[in-house]
$ cat my_file_4.csv   # CSV, C-alpha atoms
chain,number,residue,atom,x,y,z
N,1,MET,CA,0.0,0.0,0.0
N,2,ALA,CA,1.3,3.5,-0.9
N,3,ILE,CA,2.2,6.5,1.3
N,4,PRO,CA,1.0,9.7,-0.4
N,5,ILE,CA,3.4,12.5,-1.6
N,6,LYS,CA,2.1,16.0,-1.6
N,7,ALA,CA,2.6,18.7,-4.3
N,8,ALA,CA,1.5,22.1,-3.0
N,9,ASN,CA,-2.1,21.6,-1.8
N,10,THR,CA,-2.7,18.2,-3.4
N,11,PHE,CA,-1.5,14.6,-3.0
N,12,PHE,CA,-1.0,13.3,-6.5
N,13,SER,CA,1.2,10.2,-6.2
N,14,THR,CA,3.0,7.9,-3.8
N,15,ALA,CA,6.6,6.9,-3.4
N,16,GLU,CA,6.9,4.6,-0.4
N,17,ARG,CA,4.9,1.4,0.2
N,18,ILE,CA,3.8,-0.3,3.4
N,19,ILE,CA,3.2,-4.0,4.0
N,20,PRO,CA,-0.3,-5.4,4.9
N,21,GLU,CA,0.7,-5.5,8.6
N,22,GLY,CA,1.3,-1.7,8.5
N,23,LEU,CA,-2.1,-1.1,7.0
N,24,LYS,CA,-3.7,-2.3,10.2
N,25,LYS,CA,-1.9,0.5,12.1
N,26,SER,CA,-2.7,3.2,9.5
N,27,ARG,CA,-5.8,4.7,7.9
N,28,PHE,CA,-6.6,4.2,4.3
N,29,VAL,CA,-7.7,7.3,2.3
N,30,GLU,CA,-9.0,7.5,-1.3
N,31,ALA,CA,-9.0,10.0,-4.1
N,32,GLY,CA,-11.5,12.8,-3.3
N,33,ASP,CA,-10.9,12.7,0.5
N,34,PHE,CA,-9.7,15.9,2.2
N,35,LEU,CA,-6.9,15.8,4.8
N,36,LEU,CA,-6.4,18.3,7.6
N,37,THR,CA,-3.1,18.6,9.6
N,38,ASN,CA,-4.0,18.2,13.3
N,39,SER,CA,-0.8,19.4,15.0
N,40,MET,CA,2.0,22.0,14.6
N,41,SER,CA,0.9,23.7,11.4
N,42,PHE,CA,-2.6,22.5,12.2
N,43,GLY,CA,-5.7,23.0,10.1
N,44,ARG,CA,-4.0,23.1,6.7
N,45,PRO,CA,-6.1,21.3,4.0
N,46,TYR,CA,-4.9,18.9,1.3
N,47,ILE,CA,-6.8,17.3,-1.5
N,48,MET,CA,-6.3,13.6,-2.2
N,49,LYS,CA,-6.0,12.8,-5.9
N,50,THR,CA,-4.7,9.2,-5.2
N,51,SER,CA,-5.2,6.5,-2.6
N,52,GLY,CA,-2.9,5.6,0.2
N,53,CYS,CA,-2.3,5.4,3.9
N,54,ILE,CA,-1.8,8.1,6.5
N,55,HIS,CA,-0.6,8.3,10.1
N,56,ASP,CA,-2.3,9.9,13.1
N,57,GLY,CA,-1.0,13.4,12.3
N,58,TRP,CA,-3.9,13.9,9.9
N,59,LEU,CA,-7.7,14.2,10.1
N,60,VAL,CA,-9.8,12.9,7.2
N,61,LEU,CA,-12.9,14.5,5.7
N,62,ARG,CA,-14.6,11.7,3.7
N,63,LYS,CA,-16.2,12.4,0.4
N,64,PRO,CA,-16.9,16.1,1.0
N,65,ASP,CA,-18.0,16.5,-2.7
N,66,LEU,CA,-21.5,15.5,-1.8
N,67,ALA,CA,-22.1,19.0,-0.4
N,68,PHE,CA,-19.1,21.0,-1.7
N,69,ASP,CA,-17.3,21.8,-4.8
N,70,VAL,CA,-13.8,20.4,-4.0
N,71,ASP,CA,-11.9,23.7,-4.9
N,72,PHE,CA,-14.5,25.8,-3.0
N,73,LEU,CA,-14.0,23.6,0.1
N,74,TYR,CA,-10.2,23.9,-0.2
N,75,SER,CA,-10.5,27.7,-0.3
N,76,LEU,CA,-13.0,27.7,2.6
N,77,LEU,CA,-10.7,25.6,4.8
N,78,SER,CA,-7.8,27.8,3.9
N,79,SER,CA,-9.6,31.0,4.9
N,80,SER,CA,-8.9,33.0,8.0
N,81,MET,CA,-12.5,32.4,9.2
N,82,MET,CA,-11.9,28.7,9.5
N,83,PHE,CA,-8.3,29.1,10.9
N,84,ASP,CA,-9.7,31.4,13.6
N,85,GLN,CA,-12.3,28.8,14.6
N,86,PHE,CA,-9.7,26.0,14.6
N,87,SER,CA,-7.4,28.2,16.7
N,88,LYS,CA,-10.0,28.9,19.3
N,89,ALA,CA,-11.0,25.2,19.4
N,90,ALA,CA,-7.4,24.2,19.9
N,91,ALA,CA,-6.5,26.9,22.5
N,92,GLY,CA,-5.4,26.1,26.0
N,93,SER,CA,-2.6,23.7,25.3
N,94,ALA,CA,1.1,24.2,24.8
N,95,VAL,CA,0.9,22.6,21.3
N,96,LYS,CA,-2.2,23.3,19.4
N,97,ASN,CA,-4.0,20.1,18.2
N,98,LEU,CA,-7.2,19.5,16.3
N,99,ASN,CA,-9.4,16.5,16.6
N,100,ILE,CA,-12.5,15.4,14.7
N,101,ASP,CA,-15.0,16.6,17.3
N,102,LYS,CA,-13.5,20.1,17.2
N,103,VAL,CA,-13.7,20.1,13.4
N,104,LYS,CA,-17.3,18.9,13.4
N,105,LYS,CA,-18.4,21.8,15.6
N,106,ALA,CA,-16.9,24.4,13.1
N,107,LEU,CA,-19.6,26.6,11.4
N,108,VAL,CA,-19.3,26.7,7.6
N,109,PRO,CA,-21.3,28.7,5.0
N,110,ILE,CA,-22.6,26.4,2.2
N,111,PRO,CA,-23.7,28.3,-0.9
N,112,PRO,CA,-25.4,26.5,-3.7
N,113,LEU,CA,-23.1,24.3,-5.8
N,114,ALA,CA,-23.4,26.5,-8.8
N,115,GLU,CA,-22.5,29.6,-6.8
N,116,GLN,CA,-19.5,27.7,-5.2
N,117,ARG,CA,-18.2,27.1,-8.7
N,118,ARG,CA,-18.7,30.8,-9.6
N,119,ILE,CA,-16.8,31.8,-6.4
N,120,VAL,CA,-13.9,29.4,-7.4
N,121,GLU,CA,-13.8,31.0,-10.9
N,122,SER,CA,-13.6,34.5,-9.3
N,123,ILE,CA,-10.8,33.3,-6.9
N,124,ASP,CA,-8.9,31.9,-9.8
N,125,GLU,CA,-9.2,35.2,-11.7
N,126,LEU,CA,-8.2,37.3,-8.6
N,127,MET,CA,-5.4,35.1,-7.3
N,128,PRO,CA,-2.7,36.3,-9.8
N,129,LEU,CA,-3.5,39.9,-8.8
N,130,VAL,CA,-3.3,38.9,-5.1
N,131,GLU,CA,0.1,37.3,-5.6
N,132,GLU,CA,1.3,40.2,-7.6
N,133,TYR,CA,0.2,42.5,-4.8
N,134,GLY,CA,2.0,40.3,-2.3
N,135,ARG,CA,5.2,40.7,-4.4
N,136,LEU,CA,4.8,44.4,-4.6
N,137,GLU,CA,4.1,44.7,-0.9
N,138,ASP,CA,7.3,42.7,-0.1
N,139,ALA,CA,9.2,45.0,-2.4
N,140,ARG,CA,7.7,48.1,-0.7
N,141,GLU,CA,8.6,46.7,2.7
N,142,ALA,CA,12.2,46.1,1.6
N,143,LEU,CA,12.3,49.6,0.1
N,144,ASP,CA,11.0,51.1,3.3
N,145,ALA,CA,13.7,49.2,5.3
N,146,ALA,CA,16.4,50.5,3.0
N,147,LEU,CA,15.1,54.0,2.5
N,148,PRO,CA,16.6,55.7,5.6
N,149,ASP,CA,20.1,54.4,4.7
N,150,ARG,CA,19.6,55.5,1.1
N,151,LEU,CA,18.5,58.9,2.2
N,152,ARG,CA,21.5,59.3,4.5
N,153,LYS,CA,23.8,58.4,1.7
N,154,SER,CA,22.0,60.8,-0.7
N,155,VAL,CA,22.3,63.7,1.8
N,156,LEU,CA,26.0,63.0,2.3
N,157,GLN,CA,26.5,62.7,-1.4
N,158,MET,CA,24.9,66.1,-1.9
N,159,ALA,CA,27.3,67.4,0.8
N,160,VAL,CA,30.5,66.2,-0.9
N,161,GLN,CA,29.2,67.4,-4.3
N,162,SER,CA,28.7,71.0,-2.9
N,163,ASN,CA,24.9,70.8,-3.4
N,164,LEU,CA,23.8,70.9,0.2
N,165,VAL,CA,24.7,74.5,1.1
N,166,GLU,CA,25.5,77.7,-0.8
N,167,GLN,CA,29.0,78.7,-1.4
N,168,ASP,CA,30.4,82.0,0.0
N,169,PRO,CA,33.0,83.7,-2.1
N,170,ALA,CA,34.4,85.3,1.1
N,171,ASP,CA,35.4,81.8,2.5
N,172,GLU,CA,39.1,81.1,2.7
N,173,PRO,CA,39.6,78.5,-0.2
N,174,ALA,CA,40.4,74.9,0.6
N,175,SER,CA,43.8,75.4,-1.1
N,176,VAL,CA,45.0,77.3,1.9
N,177,LEU,CA,44.1,74.4,4.2
N,178,LEU,CA,45.8,71.9,1.9
N,179,ASP,CA,48.9,74.0,1.8
N,180,LEU,CA,49.1,74.0,5.6
N,181,ILE,CA,48.6,70.2,5.5
N,182,ARG,CA,51.5,69.8,3.0
N,183,GLU,CA,53.8,71.9,5.1
N,184,GLU,CA,53.0,69.8,8.2
N,185,ARG,CA,53.5,66.6,6.3
N,186,ALA,CA,56.9,67.9,5.0
N,187,LYS,CA,57.9,68.7,8.6
N,188,LEU,CA,56.9,65.2,9.8
N,189,ILE,CA,58.9,63.6,6.9
N,190,LYS,CA,61.9,65.7,7.8
N,191,GLU,CA,61.6,64.6,11.4
N,192,LYS,CA,61.3,61.0,10.1
N,193,ARG,CA,58.0,60.6,11.9
N,194,ILE,CA,56.3,59.6,8.6
N,195,LYS,CA,57.7,58.1,5.4
N,196,VAL,CA,58.1,59.9,2.1
N,197,PRO,CA,55.3,58.8,-0.2
N,198,LYS,CA,56.5,56.5,-3.0
N,199,GLY,CA,57.1,58.8,-6.1
N,200,GLY,CA,56.7,62.0,-4.0
N,201,GLU,CA,53.9,64.0,-2.5
N,202,PRO,CA,50.9,64.0,-4.9
N,203,VAL,CA,49.2,67.3,-5.7
N,204,ILE,CA,46.0,67.6,-7.8
N,205,TYR,CA,45.4,70.8,-9.7
N,206,ARG,CA,43.4,72.2,-12.5
N,207,GLU,CA,44.8,73.7,-15.6
N,208,ASN,CA,43.0,74.9,-18.8
N,209,GLY,CA,39.8,73.2,-17.6
N,210,SER,CA,41.4,69.8,-17.0
N,211,TRP,CA,42.6,68.0,-13.8
N,212,PHE,CA,46.1,66.8,-13.4
N,213,GLU,CA,48.1,65.0,-10.7
N,214,HIS,CA,51.7,65.7,-10.1
N,215,SER,CA,54.0,63.7,-7.7
N,216,GLY,CA,57.6,64.7,-7.0
N,217,ARG,CA,59.6,65.1,-10.2
N,218,SER,CA,57.3,63.0,-12.3
N,219,ILE,CA,55.5,64.3,-15.3
N,220,PRO,CA,51.9,65.5,-14.5
N,221,VAL,CA,49.2,62.9,-15.2
N,222,TYR,CA,45.9,63.8,-16.8
N,223,ILE,CA,43.1,62.5,-14.4
N,224,ASP,CA,39.9,64.0,-15.8
N,225,ASP,CA,38.7,60.4,-16.3
N,226,GLU,CA,38.9,59.9,-12.5
N,227,ILE,CA,37.1,63.0,-11.5
N,228,PRO,CA,33.4,62.0,-10.9
N,229,PHE,CA,31.8,65.4,-10.7
N,230,GLU,CA,32.5,69.1,-10.9
N,231,ILE,CA,33.4,71.1,-7.7
N,232,PRO,CA,32.9,74.8,-7.3
N,233,GLU,CA,35.5,77.5,-7.0
N,234,GLY,CA,37.3,77.3,-3.6
N,235,TRP,CA,37.1,73.5,-3.4
N,236,GLU,CA,40.0,71.2,-4.1
N,237,TRP,CA,40.6,67.5,-4.9
N,238,SER,CA,43.0,65.5,-2.8
N,239,ARG,CA,44.0,61.9,-2.2
N,240,MET,CA,43.2,60.6,1.2
N,241,ASP,CA,46.9,59.7,1.7
N,242,SER,CA,47.8,63.4,1.4
N,243,LEU,CA,45.4,64.4,4.3
N,244,CYS,CA,46.8,61.8,6.7
N,245,ARG,CA,49.8,61.3,8.9
N,246,SER,CA,49.2,57.6,8.6
N,247,ILE,CA,46.6,55.0,7.5
N,248,GLN,CA,47.2,52.2,10.0
N,249,TYR,CA,45.9,48.7,10.9
N,250,GLY,CA,45.0,48.0,14.5
N,251,HIS,CA,46.6,45.9,17.2
N,252,THR,CA,46.1,42.1,17.4
N,253,SER,CA,45.3,40.8,20.9
N,254,SER,CA,42.7,38.8,22.7
N,255,ALA,CA,40.5,40.7,25.1
N,256,SER,CA,40.8,40.5,28.9
N,257,VAL,CA,38.6,41.7,31.8
N,258,ASN,CA,41.7,43.1,33.5
N,259,GLY,CA,44.6,45.1,32.2
N,260,SER,CA,46.1,48.5,31.6
N,261,VAL,CA,45.3,49.2,27.9
N,262,LYS,CA,41.8,49.0,26.5
N,263,ILE,CA,41.2,47.6,23.0
N,264,LEU,CA,38.3,48.9,20.9
N,265,HIS,CA,36.6,46.4,18.5
N,266,ILE,CA,34.2,46.9,15.7
N,267,THR,CA,31.3,45.5,17.7
N,268,ASP,CA,32.0,48.0,20.5
N,269,ILE,CA,30.8,50.8,18.2
N,270,GLN,CA,27.0,51.0,18.3
N,271,ASN,CA,24.9,53.7,16.7
N,272,GLY,CA,28.0,55.9,16.4
N,273,LYS,CA,28.8,55.7,20.1
N,274,VAL,CA,31.2,53.7,22.4
N,275,ALA,CA,30.5,52.8,26.0
N,276,TRP,CA,34.1,52.9,27.2
N,277,GLU,CA,33.3,51.6,30.6
N,278,ALA,CA,32.4,48.3,28.9
N,279,ILE,CA,35.4,48.0,26.6
N,280,PRO,CA,37.7,45.1,27.5
N,281,PHE,CA,41.5,45.3,28.0
N,282,CYS,CA,44.3,43.9,25.9
N,283,LYS,CA,45.6,40.6,27.0
N,284,ASP,CA,48.8,41.4,25.2
N,285,ASN,CA,49.7,45.1,25.3
N,286,PRO,CA,51.3,46.6,22.1
N,287,LYS,CA,55.1,47.0,22.2
N,288,ASP,CA,54.9,50.5,20.8
N,289,LEU,CA,51.9,51.9,22.5
N,290,GLU,CA,52.5,55.5,21.3
N,291,SER,CA,52.2,54.5,17.7
N,292,CYS,CA,48.8,52.8,18.0
N,293,ALA,CA,47.2,54.7,20.9
N,294,LEU,CA,43.9,56.2,20.0
N,295,GLN,CA,43.6,60.0,19.9
N,296,ILE,CA,40.6,62.4,19.8
N,297,ASP,CA,39.4,62.9,16.2
N,298,ASP,CA,41.0,59.7,14.9
N,299,VAL,CA,38.8,58.2,12.1
N,300,LEU,CA,38.3,54.5,12.3
N,301,ILE,CA,37.0,52.3,9.5
N,302,ALA,CA,35.8,48.7,9.7
N,303,ARG,CA,37.7,46.6,7.2
N,304,THR,CA,35.8,43.4,7.4
N,305,GLY,CA,32.5,41.8,8.6
N,306,GLY,CA,28.9,43.1,8.2
N,307,THR,CA,30.0,46.7,8.9
N,308,VAL,CA,32.8,46.8,6.3
N,309,GLY,CA,33.6,50.3,5.2
N,310,LYS,CA,31.6,52.0,8.0
N,311,SER,CA,33.4,54.8,9.9
N,312,PHE,CA,33.5,56.3,13.3
N,313,VAL,CA,35.2,59.4,14.7
N,314,VAL,CA,36.7,59.2,18.2
N,315,LYS,CA,35.3,62.0,20.3
N,316,SER,CA,36.0,60.7,23.8
N,317,LEU,CA,38.5,58.4,25.4
N,318,PRO,CA,38.7,56.7,28.8
N,319,GLU,CA,41.3,57.4,31.4
N,320,GLN,CA,43.3,54.3,30.4
N,321,PRO,CA,45.4,54.3,27.2
N,322,SER,CA,43.3,52.7,24.4
N,323,VAL,CA,44.2,51.1,21.1
N,324,PHE,CA,42.0,49.7,18.3
N,325,ALA,CA,41.7,46.1,17.1
N,326,SER,CA,43.1,44.7,13.9
N,327,TYR,CA,39.8,44.6,12.1
N,328,LEU,CA,39.8,48.4,12.2
N,329,ILE,CA,41.9,50.9,10.1
N,330,ARG,CA,42.7,54.3,11.5
N,331,LEU,CA,43.0,57.5,9.5
N,332,SER,CA,45.3,59.8,11.5
N,333,LEU,CA,44.6,63.2,9.9
N,334,VAL,CA,47.2,65.9,9.7
N,335,ASN,CA,44.6,68.5,10.5
N,336,THR,CA,41.9,67.2,12.8
N,337,LYS,CA,39.6,70.1,11.7
N,338,LEU,CA,38.8,67.8,8.8
N,339,ALA,CA,37.7,64.8,10.9
N,340,ASP,CA,34.0,65.4,10.9
N,341,TYR,CA,33.9,66.3,7.2
N,342,ILE,CA,35.9,63.2,6.4
N,343,ASN,CA,33.5,61.0,8.4
N,344,ARG,CA,30.6,62.4,6.4
N,345,TYR,CA,32.5,61.9,3.2
N,346,LEU,CA,32.9,58.2,4.3
N,347,GLY,CA,29.2,57.9,4.3
N,348,SER,CA,28.7,59.2,0.7
N,349,SER,CA,27.8,57.2,-2.4
N,350,TRP,CA,31.0,58.3,-4.0
N,351,TYR,CA,33.1,56.8,-1.2
N,352,TRP,CA,31.3,53.4,-1.5
N,353,GLN,CA,31.6,53.5,-5.3
N,354,GLN,CA,35.4,53.8,-5.1
N,355,LEU,CA,35.7,51.0,-2.6
N,356,VAL,CA,33.6,48.6,-4.8
N,357,GLU,CA,35.7,49.7,-7.9
N,358,ALA,CA,38.9,48.9,-6.0
N,359,ALA,CA,37.6,45.4,-5.3
N,360,SER,CA,38.7,44.0,-8.6
N,361,GLY,CA,35.3,42.7,-9.8
N,362,THR,CA,34.2,41.0,-6.5
N,363,GLY,CA,31.4,43.4,-6.0
N,364,GLN,CA,32.3,43.7,-2.3
N,365,PRO,CA,33.9,46.9,-0.8
N,366,ASN,CA,37.7,46.6,-0.6
N,367,VAL,CA,38.9,48.2,2.6
N,368,ASN,CA,42.7,48.2,3.0
N,369,SER,CA,45.2,50.9,3.6
N,370,LYS,CA,46.2,51.1,-0.1
N,371,ALA,CA,42.6,51.4,-1.3
N,372,LEU,CA,41.8,54.1,1.3
N,373,GLY,CA,45.0,56.1,0.5
N,374,LYS,CA,44.0,56.3,-3.1
N,375,LEU,CA,40.5,57.7,-2.4
N,376,LEU,CA,39.7,60.9,-4.2
N,377,VAL,CA,38.3,63.4,-1.7
N,378,PRO,CA,36.6,66.7,-2.6
N,379,VAL,CA,37.7,69.2,0.0
N,380,PRO,CA,35.5,72.3,0.7
N,381,PRO,CA,36.7,75.5,2.5
N,382,HIS,CA,36.8,75.1,6.2
N,383,ALA,CA,34.0,77.6,6.8
N,384,GLU,CA,31.8,75.7,4.4
N,385,GLN,CA,32.5,72.4,6.2
N,386,HIS,CA,30.8,74.0,9.3
N,387,ARG,CA,27.8,74.9,7.3
N,388,ILE,CA,27.6,71.5,5.7
N,389,ALA,CA,27.8,69.9,9.2
N,390,GLU,CA,24.9,72.0,10.5
N,391,ARG,CA,22.7,71.1,7.4
N,392,VAL,CA,23.6,67.4,7.6
N,393,GLU,CA,22.6,67.3,11.3
N,394,ILE,CA,19.2,68.8,10.4
N,395,PHE,CA,18.6,66.2,7.7
N,396,MET,CA,19.8,63.3,9.8
N,397,THR,CA,17.5,64.2,12.6
N,398,LEU,CA,14.5,64.3,10.1
N,399,ILE,CA,15.5,60.9,8.6
N,400,GLY,CA,15.9,59.4,12.1

$ encode --input "my_file_4.csv" --output "structure tokens"
Amino acid sequence: MAIPIKAANTFFSTAERIIPEGLKKSRFVEAGDFLLTNSMSFGRPYIMKTSGCIHDGWLVLRKPDLAFDVDFLYSLLSSSMMFDQFSKAAAGSAVKNLNIDKVKKALVPIPPLAEQRRIVESIDELMPLVEEYGRLEDAREALDAALPDRLRKSVLQMAVQSNLVEQDPADEPASVLLDLIREERAKLIKEKRIKVPKGGEPVIYRENGSWFEHSGRSIPVYIDDEIPFEIPEGWEWSRMDSLCRSIQYGHTSSASVNGSVKILHITDIQNGKVAWEAIPFCKDNPKDLESCALQIDDVLIARTGGTVGKSFVVKSLPEQPSVFASYLIRLSLVNTKLADYINRYLGSSWYWQQLVEAASGTGQPNVNSKALGKLLVPVPPHAEQHRIAERVEIFMTLIG
């Protein structure tokens, strides 16, 4: 004797067989019978289109076609009206179960057979629309979930494209700030506190309407094909490397509840904040603490995991010395006035686009010191950075 196999809402065929002895411990069902699940996902109907044997996890409605169109009955038993009745009847136990007495007491509407068939025809016509609505509703919910993040990126993209606030001709141009940064970097190189960039210090400039990049004694390189959008008078382009003292990987150490040096992990940064009192200590302190100790206005970027590419600006530190873990990269800016603007830049679509393009076709953001150092950064005048910060704060509050 066969054991039925289900396809969607119908049992069409069988695969396994049972011996006659097994038949005595099972129930035989025929084509045209209805089955109802009586535990776990209870109350779900299935139509028998074959004969076979079932176990006690099912209830059987014998020959319901005497009063019902089969497809109408399936729709009726699948309705919320019937499920609610079954749920109330099965209430009061940890695992809901149906039995035949509870099913017998359920109230069912019975239209004339001809009307049942018209109802089924209407359901068949409407069901594709219902399914399409379901797909659209799922898409809408997914869009709603993604919308805040998209809006935040759009606002930050407008900020770095100079479209969020008006420019003021009286602002000191960004070139003055970059000149100061270059002077400070030259001083640090002379003091051997940072290394000379390979090929020399890069400078990006505009000439005759085109953008060029010049490093050391090399011939200027035409880079118009790298420039993603126009920037207004007073703004400048820079490589991230040129804005930093260093782009540095974190310290590798397991965590400990006791110690003298705290270690900040990616997971310790929640909603842009760090609860320093809960941060663990290093089990193995760094040999050169000074080189990797966190400073106010350090910019940290996650280089792996679910938060890859996300950034955080250090605005507070505990009393104890603190370092950052190896799955973070630190941007130590030459001029910390840039920290908040750089953090906003690291939330823009242009930043994410560059990371993905650096990933060599993998489609995943590539976050390493080399990729970060090559990032093209549009730098506004310092006064405009303040206006951008104020406007971004207003928008972020509205987005939530």

$ closest_atom_pairs --input "my_file_4.csv" --of "stretch 313-398 of chain N" --to "stretch 185-194 of chain N" --cutoff "12 Å" --atoms "only C-alpha atoms" --output "JSON lines"
{"residue": "N:Ser332", "atom": "CA", "partner": "N:Ile194", "partner_atom": "CA", "distance": 11.4}
{"residue": "N:Leu333", "atom": "CA", "partner": "N:Arg185", "partner_atom": "CA", "distance": 10.2}
{"residue": "N:Val334", "atom": "CA", "partner": "N:Arg185", "partner_atom": "CA", "distance": 7.2}
{"residue": "N:Asn335", "atom": "CA", "partner": "N:Arg185", "partner_atom": "CA", "distance": 10.0}

$ closest_atom_pairs --input "my_file_4.csv" --of "stretch 136-177 of chain N" --to "stretch 380-383 of chain N" --cutoff "8 Å" --atoms "only C-alpha atoms" --output "Markdown table"
| residue | atom | partner | partner_atom | distance |
| --- | --- | --- | --- | --- |
| N:Ser162 | CA | N:Pro380 | CA | 7.8 |
| N:Asp171 | CA | N:Ala383 | CA | 6.2 |
| N:Glu172 | CA | N:Pro381 | CA | 6.1 |
| N:Pro173 | CA | N:Pro381 | CA | 5.0 |
| N:Ala174 | CA | N:Pro381 | CA | 4.2 |
| N:Ser175 | CA | N:Pro381 | CA | 8.0 |
| N:Leu177 | CA | N:His382 | CA | 7.6 |

$ residues_around --input "my_file_4.csv" --residues "N:Pro148" --least-positions-apart "4" --cutoff "12 Å" --atoms "only C-alpha atoms" --output "list in words"
Ala142, Leu143, Asp144, Arg152, Lys153, Ser154, Val155, Phe395, Met396, Thr397, Leu398, Ile399 and Gly400 of chain N

$ closest_residue --input "my_file_4.csv" --among "N:Val308, N:Leu376, N:Leu346, N:Ser254" --to "N:Gln157" --atoms "only C-alpha atoms"
N:Leu346

$ closest_residue --input "my_file_4.csv" --among "N:Ser51, N:Asn38, N:Asn163, N:Ser242" --to "N:Glu384" --atoms "only C-alpha atoms"
N:Asn163

$ closest_residue --input "my_file_4.csv" --among "N:Gln320, N:Ser238, N:Ser311, N:Ser122" --to "N:Val377" --atoms "all atoms listed in the file"
N:Ser238

$ closest_residue --input "my_file_4.csv" --among "N:Arg239, N:Arg27, N:Lys310, N:Arg245" --to "N:Ile227" --atoms "all atoms listed in the file"
N:Arg239

$ residues_around --input "my_file_4.csv" --residues "N:Tyr222" --least-positions-apart "2" --cutoff "7 Å" --atoms "all atoms listed in the file" --output "PDB file with C-alpha atoms, keeping the file's coordinate frame"
ATOM      1  CA  TRP N 211      42.600  68.000 -13.800  1.00  0.00           C
ATOM      2  CA  PHE N 212      46.100  66.800 -13.400  1.00  0.00           C
ATOM      3  CA  GLU N 213      48.100  65.000 -10.700  1.00  0.00           C
ATOM      4  CA  PRO N 220      51.900  65.500 -14.500  1.00  0.00           C
ATOM      5  CA  ASP N 224      39.900  64.000 -15.800  1.00  0.00           C
TER       6      ASP N 224
END

$ atom_distance --input "my_file_4.csv" --atom1 "atom CA of N:Glu131" --atom2 "atom CA of N:Ser80"
16.9 Å

$ residues_around --input "my_file_4.csv" --residues "N:Trp350" --least-positions-apart "5" --cutoff "9 Å" --atoms "all atoms listed in the file" --output "list in words"
Gln157, Val160, Pro228, Tyr345 and Leu355 of chain N

$ residues_around --input "my_file_4.csv" --residues "N:Ala278" --least-positions-apart "2" --cutoff "12 Å" --atoms "only C-alpha atoms" --output "PDB file with C-alpha atoms, in the frame of the given file"
ATOM      1  CA  ALA N 255      40.500  40.700  25.100  1.00  0.00           C
ATOM      2  CA  SER N 256      40.800  40.500  28.900  1.00  0.00           C
ATOM      3  CA  VAL N 257      38.600  41.700  31.800  1.00  0.00           C
ATOM      4  CA  ASN N 258      41.700  43.100  33.500  1.00  0.00           C
ATOM      5  CA  LYS N 262      41.800  49.000  26.500  1.00  0.00           C
ATOM      6  CA  ILE N 263      41.200  47.600  23.000  1.00  0.00           C
ATOM      7  CA  LEU N 264      38.300  48.900  20.900  1.00  0.00           C
ATOM      8  CA  HIS N 265      36.600  46.400  18.500  1.00  0.00           C
ATOM      9  CA  THR N 267      31.300  45.500  17.700  1.00  0.00           C
ATOM     10  CA  ASP N 268      32.000  48.000  20.500  1.00  0.00           C
ATOM     11  CA  ILE N 269      30.800  50.800  18.200  1.00  0.00           C
ATOM     12  CA  VAL N 274      31.200  53.700  22.400  1.00  0.00           C
ATOM     13  CA  ALA N 275      30.500  52.800  26.000  1.00  0.00           C
ATOM     14  CA  TRP N 276      34.100  52.900  27.200  1.00  0.00           C
ATOM     15  CA  PRO N 280      37.700  45.100  27.500  1.00  0.00           C
ATOM     16  CA  PHE N 281      41.500  45.300  28.000  1.00  0.00           C
ATOM     17  CA  PRO N 318      38.700  56.700  28.800  1.00  0.00           C
TER      18      PRO N 318
END

$ atom_distance --input "my_file_4.csv" --atom1 "atom CA of N:Asp56" --atom2 "atom CA of N:Lys102"
15.7 Å

$ atom_distance --input "my_file_4.csv" --atom1 "atom CA of N:Ser322" --atom2 "atom CA of N:Ile181"
26.3 Å

$ residues_around --input "my_file_4.csv" --residues "N:Ala325" --least-positions-apart "3" --cutoff "8 Å" --atoms "all atoms listed in the file" --output "PyMOL selection string"
chain N and resi 249-253+263-266+328

$ closest_residue --input "my_file_4.csv" --among "N:Asp241, N:Glu236, N:Glu357, N:Glu290" --to "N:Leu372" --atoms "all atoms listed in the file"
N:Asp241

$ closest_residue --input "my_file_4.csv" --among "N:Asn271, N:Thr336, N:Ser348, N:Ser41" --to "N:Cys244" --atoms "only C-alpha atoms"
N:Thr336
